[in-house]
>>> print(open('work.tsv').read())   # TSV, C-alpha atoms
chain	number	residue	atom	x	y	z
A	1334	MET	CA	0.00	0.00	0.00
A	1335	ILE	CA	1.37	3.40	-1.04
A	1336	SER	CA	-0.42	6.48	0.27
A	1337	PRO	CA	-1.32	9.25	-2.21
A	1338	ILE	CA	0.79	12.38	-1.80
A	1339	PHE	CA	0.59	16.04	-2.69
A	1340	VAL	CA	3.98	17.61	-3.44
A	1341	GLY	CA	4.98	21.23	-3.92
A	1342	HIS	CA	6.97	21.32	-7.15
A	1343	GLY	CA	7.96	24.99	-6.99
A	1344	SER	CA	10.49	26.28	-9.50
A	1345	PRO	CA	11.86	24.19	-12.39
A	1346	MET	CA	15.27	24.88	-10.83
A	1347	MET	CA	14.58	22.12	-8.32
A	1348	ALA	CA	15.55	19.74	-11.14
A	1349	ILE	CA	19.19	20.86	-10.84
A	1350	GLN	CA	19.49	22.45	-7.40
A	1351	ASP	CA	19.90	20.62	-4.11
A	1352	THR	CA	17.49	21.96	-1.50
A	1353	ALA	CA	15.64	20.70	1.55
A	1354	CYS	CA	12.74	19.75	-0.71
A	1355	THR	CA	14.79	17.88	-3.29
A	1356	GLN	CA	16.53	15.91	-0.52
A	1357	PHE	CA	13.11	15.05	0.90
A	1358	LEU	CA	11.88	13.87	-2.50
A	1359	LEU	CA	14.95	11.69	-3.02
A	1360	ASP	CA	14.68	10.14	0.44
A	1361	TYR	CA	10.94	9.61	0.13
A	1362	GLY	CA	11.26	8.01	-3.29
A	1363	LYS	CA	13.82	5.52	-1.95
A	1364	GLN	CA	11.14	4.20	0.43
A	1365	LEU	CA	8.71	3.40	-2.39
A	1366	SER	CA	8.47	0.76	-5.09
A	1367	PRO	CA	5.33	1.72	-7.00
A	1368	LYS	CA	3.87	-0.51	-9.67
A	1369	ALA	CA	2.80	2.64	-11.52
A	1370	ILE	CA	2.45	6.38	-10.92
A	1371	VAL	CA	-0.58	8.55	-11.63
A	1372	ILE	CA	0.29	12.26	-11.47
A	1373	PHE	CA	-2.08	15.23	-11.65
A	1374	THR	CA	-0.07	18.21	-12.84
A	1375	ALA	CA	-0.90	21.89	-12.43
A	1376	HIS	CA	0.70	22.58	-15.80
A	1377	TRP	CA	-1.80	20.69	-17.93
A	1378	GLU	CA	-5.15	22.46	-17.93
A	1379	THR	CA	-8.13	21.13	-19.87
A	1380	GLU	CA	-11.88	21.65	-19.63
A	1381	VAL	CA	-12.46	17.89	-19.74
A	1382	LEU	CA	-10.27	15.68	-17.56
A	1383	THR	CA	-7.64	14.19	-19.88
A	1384	ILE	CA	-5.39	11.17	-19.34
A	1385	SER	CA	-2.16	10.42	-21.12
A	1386	SER	CA	-2.52	7.13	-22.99
A	1387	THR	CA	0.59	5.74	-24.65
A	1388	ASN	CA	2.98	2.85	-24.33
A	1389	ASP	CA	5.84	4.96	-25.68
A	1390	VAL	CA	8.49	7.00	-23.90
A	1391	TYR	CA	7.16	10.49	-23.21
A	1392	ASP	CA	8.71	13.59	-24.67
A	1393	THR	CA	10.07	15.93	-22.00
A	1394	ILE	CA	8.25	19.27	-22.23
A	1395	TYR	CA	10.13	22.44	-21.28
A	1396	ASP	CA	7.14	24.63	-20.47
A	1397	PHE	CA	9.20	27.49	-19.06
A	1398	ARG	CA	11.68	30.08	-20.27
A	1399	GLY	CA	14.47	32.23	-18.92
A	1400	PHE	CA	16.16	29.35	-17.10
A	1401	PRO	CA	19.69	27.92	-17.54
A	1402	ASP	CA	20.42	25.84	-20.64
A	1403	GLU	CA	21.20	22.90	-18.36
A	1404	LEU	CA	17.49	22.48	-17.64
A	1405	PHE	CA	16.68	22.16	-21.34
A	1406	GLN	CA	19.11	19.26	-21.72
A	1407	ILE	CA	17.34	17.06	-19.17
A	1408	LYS	CA	15.33	14.11	-20.42
A	1409	TYR	CA	13.07	12.02	-18.23
A	1410	PRO	CA	12.37	8.87	-20.29
A	1411	ALA	CA	9.35	7.51	-18.48
A	1412	LYS	CA	6.92	5.31	-20.36
A	1413	GLY	CA	3.16	5.30	-20.34
A	1414	ASP	CA	0.71	2.41	-20.08
A	1415	VAL	CA	-2.35	2.34	-22.32
A	1416	GLU	CA	-4.07	-0.43	-20.38
A	1417	LEU	CA	-3.72	1.41	-17.07
A	1418	ALA	CA	-4.84	4.67	-18.67
A	1419	ARG	CA	-8.02	2.98	-19.89
A	1420	MET	CA	-8.65	1.43	-16.47
A	1421	ILE	CA	-8.38	4.86	-14.87
A	1422	SER	CA	-10.63	6.32	-17.56
A	1423	ASP	CA	-13.24	3.64	-16.79
A	1424	ARG	CA	-13.15	4.60	-13.11
A	1425	PHE	CA	-13.92	8.22	-13.93
A	1426	THR	CA	-16.65	7.27	-16.39
A	1427	ALA	CA	-18.29	5.01	-13.81
A	1428	LYS	CA	-18.57	8.06	-11.51
A	1429	GLY	CA	-20.09	10.21	-14.27
A	1430	ILE	CA	-16.90	12.24	-14.76
A	1431	PRO	CA	-16.26	13.08	-18.44
A	1432	VAL	CA	-12.81	12.08	-19.61
A	1433	ASN	CA	-10.62	12.14	-22.72
A	1434	LEU	CA	-7.50	10.17	-23.63
A	1435	ASP	CA	-4.40	11.80	-25.14
A	1436	SER	CA	-1.72	9.75	-26.90
A	1437	GLN	CA	0.56	12.64	-27.91
A	1438	ARG	CA	1.36	14.94	-24.98
A	1439	GLY	CA	4.67	14.61	-23.16
A	1440	LEU	CA	5.47	15.18	-19.50
A	1441	ASP	CA	5.45	18.84	-18.44
A	1442	HIS	CA	7.70	20.14	-15.67
A	1443	GLY	CA	4.93	19.75	-13.10
A	1444	SER	CA	5.41	16.03	-13.65
A	1445	TRP	CA	8.99	15.34	-14.69
A	1446	VAL	CA	10.71	17.66	-12.20
A	1447	PRO	CA	9.34	16.04	-9.00
A	1448	LEU	CA	9.52	12.58	-10.57
A	1449	LEU	CA	13.16	13.14	-11.50
A	1450	ARG	CA	13.98	14.01	-7.90
A	1451	MET	CA	11.95	11.13	-6.44
A	1452	PHE	CA	12.91	8.46	-8.97
A	1453	PRO	CA	16.04	9.60	-10.89
A	1454	THR	CA	15.76	6.55	-13.13
A	1455	PRO	CA	12.16	5.86	-14.19
A	1456	GLU	CA	11.32	2.23	-13.59
A	1457	CYS	CA	7.52	2.08	-13.70
A	1458	PRO	CA	4.80	3.45	-16.02
A	1459	VAL	CA	3.60	7.02	-15.52
A	1460	ILE	CA	0.09	8.23	-16.24
A	1461	GLN	CA	-0.23	12.01	-16.43
A	1462	VAL	CA	-3.64	13.58	-15.82
A	1463	SER	CA	-4.77	17.14	-16.50
A	1464	VAL	CA	-6.67	19.47	-14.19
A	1465	ASN	CA	-9.53	21.88	-14.67
A	1466	PRO	CA	-8.86	24.70	-12.18
A	1467	TYR	CA	-12.35	26.12	-12.58
A	1468	LEU	CA	-14.19	23.19	-11.05
A	1469	PRO	CA	-15.15	23.77	-7.39
A	1470	PRO	CA	-13.08	22.08	-4.67
A	1471	ALA	CA	-15.82	19.53	-3.91
A	1472	GLU	CA	-15.73	18.37	-7.53
A	1473	GLN	CA	-11.92	18.13	-7.44
A	1474	TYR	CA	-12.25	15.95	-4.35
A	1475	ARG	CA	-14.78	13.75	-6.19
A	1476	ILE	CA	-12.30	13.27	-9.03
A	1477	GLY	CA	-9.84	11.95	-6.47
A	1478	GLU	CA	-12.46	9.70	-4.91
A	1479	ALA	CA	-12.85	7.88	-8.23
A	1480	LEU	CA	-9.29	6.59	-7.76
A	1481	ARG	CA	-9.66	5.61	-4.13
A	1482	GLY	CA	-8.23	2.15	-3.50
A	1483	LEU	CA	-5.48	2.30	-6.14
A	1484	ASP	CA	-3.02	2.73	-3.28
A	1485	GLN	CA	-3.88	-0.84	-2.26
A	1486	GLU	CA	-2.54	-1.92	-5.66
A	1487	ASP	CA	0.78	-0.11	-5.08
A	1488	ILE	CA	-0.13	2.63	-7.54
A	1489	LEU	CA	1.26	5.95	-6.35
A	1490	ILE	CA	-1.06	8.92	-6.86
A	1491	ILE	CA	0.68	12.30	-6.86
A	1492	GLY	CA	-0.86	15.76	-6.93
A	1493	SER	CA	1.81	18.17	-8.16
A	1494	GLY	CA	1.32	21.86	-7.44
A	1495	ALA	CA	1.78	24.26	-4.54
A	1496	THR	CA	-0.37	25.41	-1.65
A	1497	VAL	CA	1.03	28.95	-1.85
A	1498	HIS	CA	1.91	30.00	-5.40
A	1499	ASN	CA	1.87	33.74	-6.02
A	1500	LEU	CA	4.77	34.72	-8.26
A	1501	ARG	CA	4.00	38.42	-7.85
A	1502	ALA	CA	4.42	38.15	-4.08
A	1503	LEU	CA	7.82	36.44	-4.08
A	1504	ASN	CA	10.24	38.05	-1.63
A	1505	TRP	CA	13.70	37.53	-3.12
A	1506	ASP	CA	15.48	39.00	-0.08
A	1507	ALA	CA	13.61	36.89	2.47
A	1508	LYS	CA	15.63	35.05	5.11
A	1509	GLU	CA	12.55	33.47	6.69
A	1510	PRO	CA	9.16	32.36	5.34
A	1511	ASP	CA	6.61	35.14	4.97
A	1512	ALA	CA	4.18	35.06	7.89
A	1513	TRP	CA	1.09	35.32	5.69
A	1514	ALA	CA	2.08	32.20	3.71
A	1515	VAL	CA	2.84	30.24	6.86
A	1516	GLU	CA	-0.53	31.25	8.32
A	1517	PHE	CA	-2.35	30.00	5.23
A	1518	ASP	CA	-0.55	26.65	5.31
A	1519	GLU	CA	-1.20	26.29	9.05
A	1520	TRP	CA	-4.92	26.74	8.43
A	1521	LEU	CA	-4.82	24.09	5.69
A	1522	ILE	CA	-2.92	21.59	7.81
A	1523	GLN	CA	-5.27	21.99	10.77
A	1524	ASN	CA	-8.38	21.50	8.66
A	1525	MET	CA	-6.93	18.60	6.70
A	1526	GLN	CA	-5.87	16.79	9.85
A	1527	THR	CA	-9.33	17.25	11.39
A	1528	GLN	CA	-10.93	16.31	8.05
A	1529	ASN	CA	-12.99	19.50	8.02
A	1530	LEU	CA	-14.00	19.19	4.39
A	1531	GLU	CA	-16.70	21.83	4.70
A	1532	ALA	CA	-14.13	24.46	5.67
A	1533	LEU	CA	-11.57	23.26	3.13
A	1534	PHE	CA	-14.05	23.42	0.27
A	1535	ASP	CA	-14.77	27.01	1.30
A	1536	TYR	CA	-11.10	27.92	1.74
A	1537	ALA	CA	-11.39	30.98	-0.51
A	1538	THR	CA	-13.72	32.58	2.05
A	1539	LEU	CA	-12.46	31.11	5.32
A	1540	ALA	CA	-8.70	30.66	5.04
A	1541	PRO	CA	-6.47	33.56	6.10
A	1542	ASN	CA	-4.68	35.23	3.18
A	1543	ALA	CA	-6.41	32.95	0.67
A	1544	ARG	CA	-6.36	35.50	-2.14
A	1545	MET	CA	-2.67	36.09	-1.67
A	1546	ALA	CA	-1.86	32.40	-1.45
A	1547	VAL	CA	-4.07	31.27	-4.33
A	1548	PRO	CA	-4.47	34.07	-6.88
A	1549	ARG	CA	-5.32	31.37	-9.44
A	1550	PRO	CA	-6.18	27.81	-8.36
A	1551	GLU	CA	-4.38	25.61	-10.92
A	1552	HIS	CA	-1.50	24.82	-8.53
A	1553	PHE	CA	-3.79	24.44	-5.54
A	1554	ILE	CA	-6.51	22.07	-6.72
A	1555	PRO	CA	-4.25	18.98	-7.10
A	1556	LEU	CA	-4.34	19.05	-3.28
A	1557	PHE	CA	-8.09	18.33	-3.27
A	1558	ILE	CA	-7.74	15.61	-5.89
A	1559	THR	CA	-5.04	13.82	-3.93
A	1560	MET	CA	-6.94	14.23	-0.68
A	1561	GLY	CA	-10.01	12.65	-2.26
A	1562	SER	CA	-8.01	9.67	-3.49
A	1563	GLY	CA	-6.76	8.78	-0.01
A	1564	ASP	CA	-8.34	6.58	2.64
A	1565	PRO	CA	-10.26	8.91	5.00
A	1566	GLU	CA	-9.54	6.49	7.86
A	1567	ARG	CA	-5.80	7.20	7.60
A	1568	PRO	CA	-4.33	10.23	9.35
A	1569	VAL	CA	-3.23	13.12	7.18
A	1570	GLN	CA	0.52	13.61	7.58
A	1571	VAL	CA	2.80	16.53	6.76
A	1572	ILE	CA	5.75	14.79	5.11
A	1573	HIS	CA	7.71	17.91	4.19
A	1574	ARG	CA	7.50	21.65	4.73
A	1575	SER	CA	9.85	24.34	3.50
A	1576	TYR	CA	9.67	27.71	1.73
A	1577	GLU	CA	11.72	29.62	-0.79
A	1578	VAL	CA	11.77	33.34	-1.64
A	1579	GLY	CA	9.48	34.10	1.26
A	1580	SER	CA	6.22	32.49	0.23
A	1581	LEU	CA	6.78	29.74	-2.33
A	1582	SER	CA	5.55	26.74	-0.37
A	1583	TYR	CA	6.90	23.21	-0.71
A	1584	LEU	CA	4.38	21.81	1.74
A	1585	SER	CA	3.91	18.11	0.97
A	1586	ILE	CA	1.15	15.94	2.41
A	1587	SER	CA	0.42	12.22	2.64
A	1588	PHE	CA	-3.22	11.08	2.62
>>> encode(input="work.tsv", output="structure tokens")
Amino acid sequence: MISPIFVGHGSPMMAIQDTACTQFLLDYGKQLSPKAIVIFTAHWETEVLTISSTNDVYDTIYDFRGFPDELFQIKYPAKGDVELARMISDRFTAKGIPVNLDSQRGLDHGSWVPLLRMFPTPECPVIQVSVNPYLPPAEQYRIGEALRGLDQEDILIIGSGATVHNLRALNWDAKEPDAWAVEFDEWLIQNMQTQNLEALFDYATLAPNARMAVPRPEHFIPLFITMGSGDPERPVQVIHRSYEVGSLSYLSISF
């Protein structure tokens, strides 16, 4: 059994820099031997939930600019799995969730960067899934629920995003985390650990500094998907917490 996790993927630079978060990802990955990985990435937005469906090696997508050339030389040669993609598609369809399959798209940096740090050499199939940031949190949670139980089959579900992701609020001179970002994460942790779904689904109104932390929800909603995919009888655990440039949160959670 492998618990679903939400990971803060932060800057693409984490692919080549050694930080507290990258060391955590490496150590955590060494503890796991997944049969397959299903990853919801903040960097693939579609109106209809879309699943990568290929048996080939994925292209590595460099969906960023202005970074060192070294980043653009990295390849992460993970393979897909058509049969598993169809099984996951059937689970969504059975719950009345519309879904498409995509046989062409490669892995964006929301997927390959954290996977590279967790599993430097890809050894199992990867299924990448898109997000629709405009669906309400309760619906994101329901998407996750459709995959509940895959952890019992040693399939690792990852939500890749960030709880606090406001590039306009980055504090490049910060020596400590910004208090407003810490306060937002503290509120999330408390309500996740007490399973207060009603409050979490209404985070935009109830959470302190919510507008600052989540100016746009594409990086945030993988949290709800991953939470929904976990066993509600298991305790929610903070497995890593660090910050860069004041407010960029690398909070990572196990469900």
>>> atom_distance(input="work.tsv", atom1="CA of Ala1540 (chain A)", atom2="CA of Gly1477 (chain A)")
22.0 Å
>>> closest_residue(input="work.tsv", among="A:Gln1570, A:Asn1499, A:Ser1562, A:Gln1485", to="Pro1550 (chain A)", atoms="all atoms listed in the file")
A:Asn1499
>>> residues_around(input="work.tsv", residues="Thr1379 (chain A)", least_positions_apart="4", cutoff="12 Å", atoms="all atoms listed in the file", output="ChimeraX atom specification")
/A:1373-1375,1383-1384,1431-1435,1462-1468,1551
>>> closest_residue(input="work.tsv", among="A:Lys1368, A:Arg1398, A:His1552, A:Arg1424", to="Glu1456 (chain A)", atoms="all atoms listed in the file")
A:Lys1368
>>> atom_distance(input="work.tsv", atom1="CA of Met1560 (chain A)", atom2="CA of Pro1337 (chain A)")
7.7 Å
>>> residues_near_point(input="work.tsv", point="(5.9, 19.7, -19.4)", cutoff="6 Å", atoms="all atoms listed in the file", output="VMD selection string")
chain A and resid 1394 to 1396 1440 to 1442
>>> residues_around(input="work.tsv", residues="region 1513-1521 of chain A", least_positions_apart="4", cutoff="8 Å", atoms="only C-alpha atoms", output="ChimeraX atom specification")
/A:1496-1497,1525,1533,1540-1543,1546,1580,1582,1584
>>> atom_distance(input="work.tsv", atom1="CA of Trp1377 (chain A)", atom2="CA of Leu1539 (chain A)")
27.6 Å
>>> residues_around(input="work.tsv", residues="Glu1472 (chain A)", least_positions_apart="2", cutoff="10 Å", atoms="only C-alpha atoms", output="VMD selection string")
chain A and resid 1430 1467 to 1470 1474 to 1478 1534 1554 1557 to 1558 1561
>>> decode(input="work.tsv", residues="region 1354-1387 of chain A", atoms="N, CA and C atoms", output="tab-separated table (two decimals), in the first residue's frame")
chain	number	residue	atom	x	y	z
A	1354	CYS	N	13.84	20.47	-0.06
A	1354	CYS	CA	12.74	19.75	-0.71
A	1354	CYS	C	13.25	18.65	-1.62
A	1355	THR	N	14.30	18.92	-2.40
A	1355	THR	CA	14.79	17.88	-3.29
A	1355	THR	C	15.39	16.71	-2.50
A	1356	GLN	N	16.01	17.00	-1.37
A	1356	GLN	CA	16.53	15.91	-0.52
A	1356	GLN	C	15.38	15.09	0.04
A	1357	PHE	N	14.30	15.76	0.44
A	1357	PHE	CA	13.11	15.05	0.90
A	1357	PHE	C	12.57	14.13	-0.20
A	1358	LEU	N	12.45	14.67	-1.42
A	1358	LEU	CA	11.88	13.87	-2.50
A	1358	LEU	C	12.74	12.64	-2.79
A	1359	LEU	N	14.05	12.82	-2.78
A	1359	LEU	CA	14.95	11.69	-3.02
A	1359	LEU	C	14.80	10.64	-1.92
A	1360	ASP	N	14.80	11.08	-0.68
A	1360	ASP	CA	14.68	10.14	0.44
A	1360	ASP	C	13.33	9.44	0.44
A	1361	TYR	N	12.28	10.19	0.13
A	1361	TYR	CA	10.94	9.61	0.13
A	1361	TYR	C	10.80	8.58	-0.99
A	1362	GLY	N	11.34	8.93	-2.17
A	1362	GLY	CA	11.26	8.01	-3.29
A	1362	GLY	C	11.98	6.70	-3.03
A	1363	LYS	N	13.06	6.74	-2.26
A	1363	LYS	CA	13.82	5.52	-1.95
A	1363	LYS	C	13.00	4.55	-1.10
A	1364	GLN	N	11.97	5.05	-0.42
A	1364	GLN	CA	11.14	4.20	0.43
A	1364	GLN	C	10.04	3.49	-0.35
A	1365	LEU	N	9.86	3.87	-1.62
A	1365	LEU	CA	8.71	3.40	-2.39
A	1365	LEU	C	9.15	2.52	-3.56
A	1366	SER	N	8.28	1.58	-3.89
A	1366	SER	CA	8.47	0.76	-5.09
A	1366	SER	C	7.12	0.65	-5.80
A	1367	PRO	N	6.66	1.75	-6.40
A	1367	PRO	CA	5.33	1.72	-7.00
A	1367	PRO	C	5.27	0.85	-8.25
A	1368	LYS	N	4.11	0.25	-8.45
A	1368	LYS	CA	3.87	-0.51	-9.67
A	1368	LYS	C	3.63	0.44	-10.84
A	1369	ALA	N	3.06	1.60	-10.52
A	1369	ALA	CA	2.80	2.64	-11.52
A	1369	ALA	C	2.58	3.95	-10.77
A	1370	ILE	N	2.65	5.05	-11.50
A	1370	ILE	CA	2.45	6.38	-10.92
A	1370	ILE	C	1.38	7.11	-11.73
A	1371	VAL	N	0.43	7.69	-11.02
A	1371	VAL	CA	-0.58	8.55	-11.63
A	1371	VAL	C	-0.36	9.96	-11.08
A	1372	ILE	N	-0.06	10.91	-11.94
A	1372	ILE	CA	0.29	12.26	-11.47
A	1372	ILE	C	-0.62	13.31	-12.09
A	1373	PHE	N	-1.26	14.09	-11.23
A	1373	PHE	CA	-2.08	15.23	-11.65
A	1373	PHE	C	-1.19	16.47	-11.62
A	1374	THR	N	-1.00	17.10	-12.75
A	1374	THR	CA	-0.07	18.21	-12.84
A	1374	THR	C	-0.78	19.54	-13.06
A	1375	ALA	N	-0.33	20.55	-12.32
A	1375	ALA	CA	-0.90	21.89	-12.43
A	1375	ALA	C	-0.62	22.54	-13.78
A	1376	HIS	N	0.29	21.95	-14.54
A	1376	HIS	CA	0.70	22.58	-15.80
A	1376	HIS	C	0.04	21.98	-17.03
A	1377	TRP	N	-0.99	21.20	-16.81
A	1377	TRP	CA	-1.80	20.69	-17.93
A	1377	TRP	C	-3.26	20.98	-17.60
A	1378	GLU	N	-3.78	22.03	-18.19
A	1378	GLU	CA	-5.15	22.46	-17.93
A	1378	GLU	C	-6.04	22.12	-19.13
A	1379	THR	N	-7.15	21.45	-18.85
A	1379	THR	CA	-8.13	21.13	-19.87
A	1379	THR	C	-9.53	21.29	-19.27
A	1380	GLU	N	-10.50	21.56	-20.12
A	1380	GLU	CA	-11.88	21.65	-19.63
A	1380	GLU	C	-12.40	20.28	-19.23
A	1381	VAL	N	-12.08	19.27	-20.04
A	1381	VAL	CA	-12.46	17.89	-19.74
A	1381	VAL	C	-11.22	17.16	-19.23
A	1382	LEU	N	-11.37	16.45	-18.13
A	1382	LEU	CA	-10.27	15.68	-17.56
A	1382	LEU	C	-9.64	14.80	-18.65
A	1383	THR	N	-8.32	14.89	-18.79
A	1383	THR	CA	-7.64	14.19	-19.88
A	1383	THR	C	-6.48	13.37	-19.33
A	1384	ILE	N	-6.38	12.14	-19.83
A	1384	ILE	CA	-5.39	11.17	-19.34
A	1384	ILE	C	-4.42	10.84	-20.45
A	1385	SER	N	-3.14	10.86	-20.14
A	1385	SER	CA	-2.16	10.42	-21.12
A	1385	SER	C	-2.31	8.93	-21.37
A	1386	SER	N	-2.29	8.53	-22.64
A	1386	SER	CA	-2.52	7.13	-22.99
A	1386	SER	C	-1.56	6.72	-24.10
A	1387	THR	N	-0.43	6.18	-23.70
A	1387	THR	CA	0.59	5.74	-24.65
A	1387	THR	C	1.43	4.66	-24.00
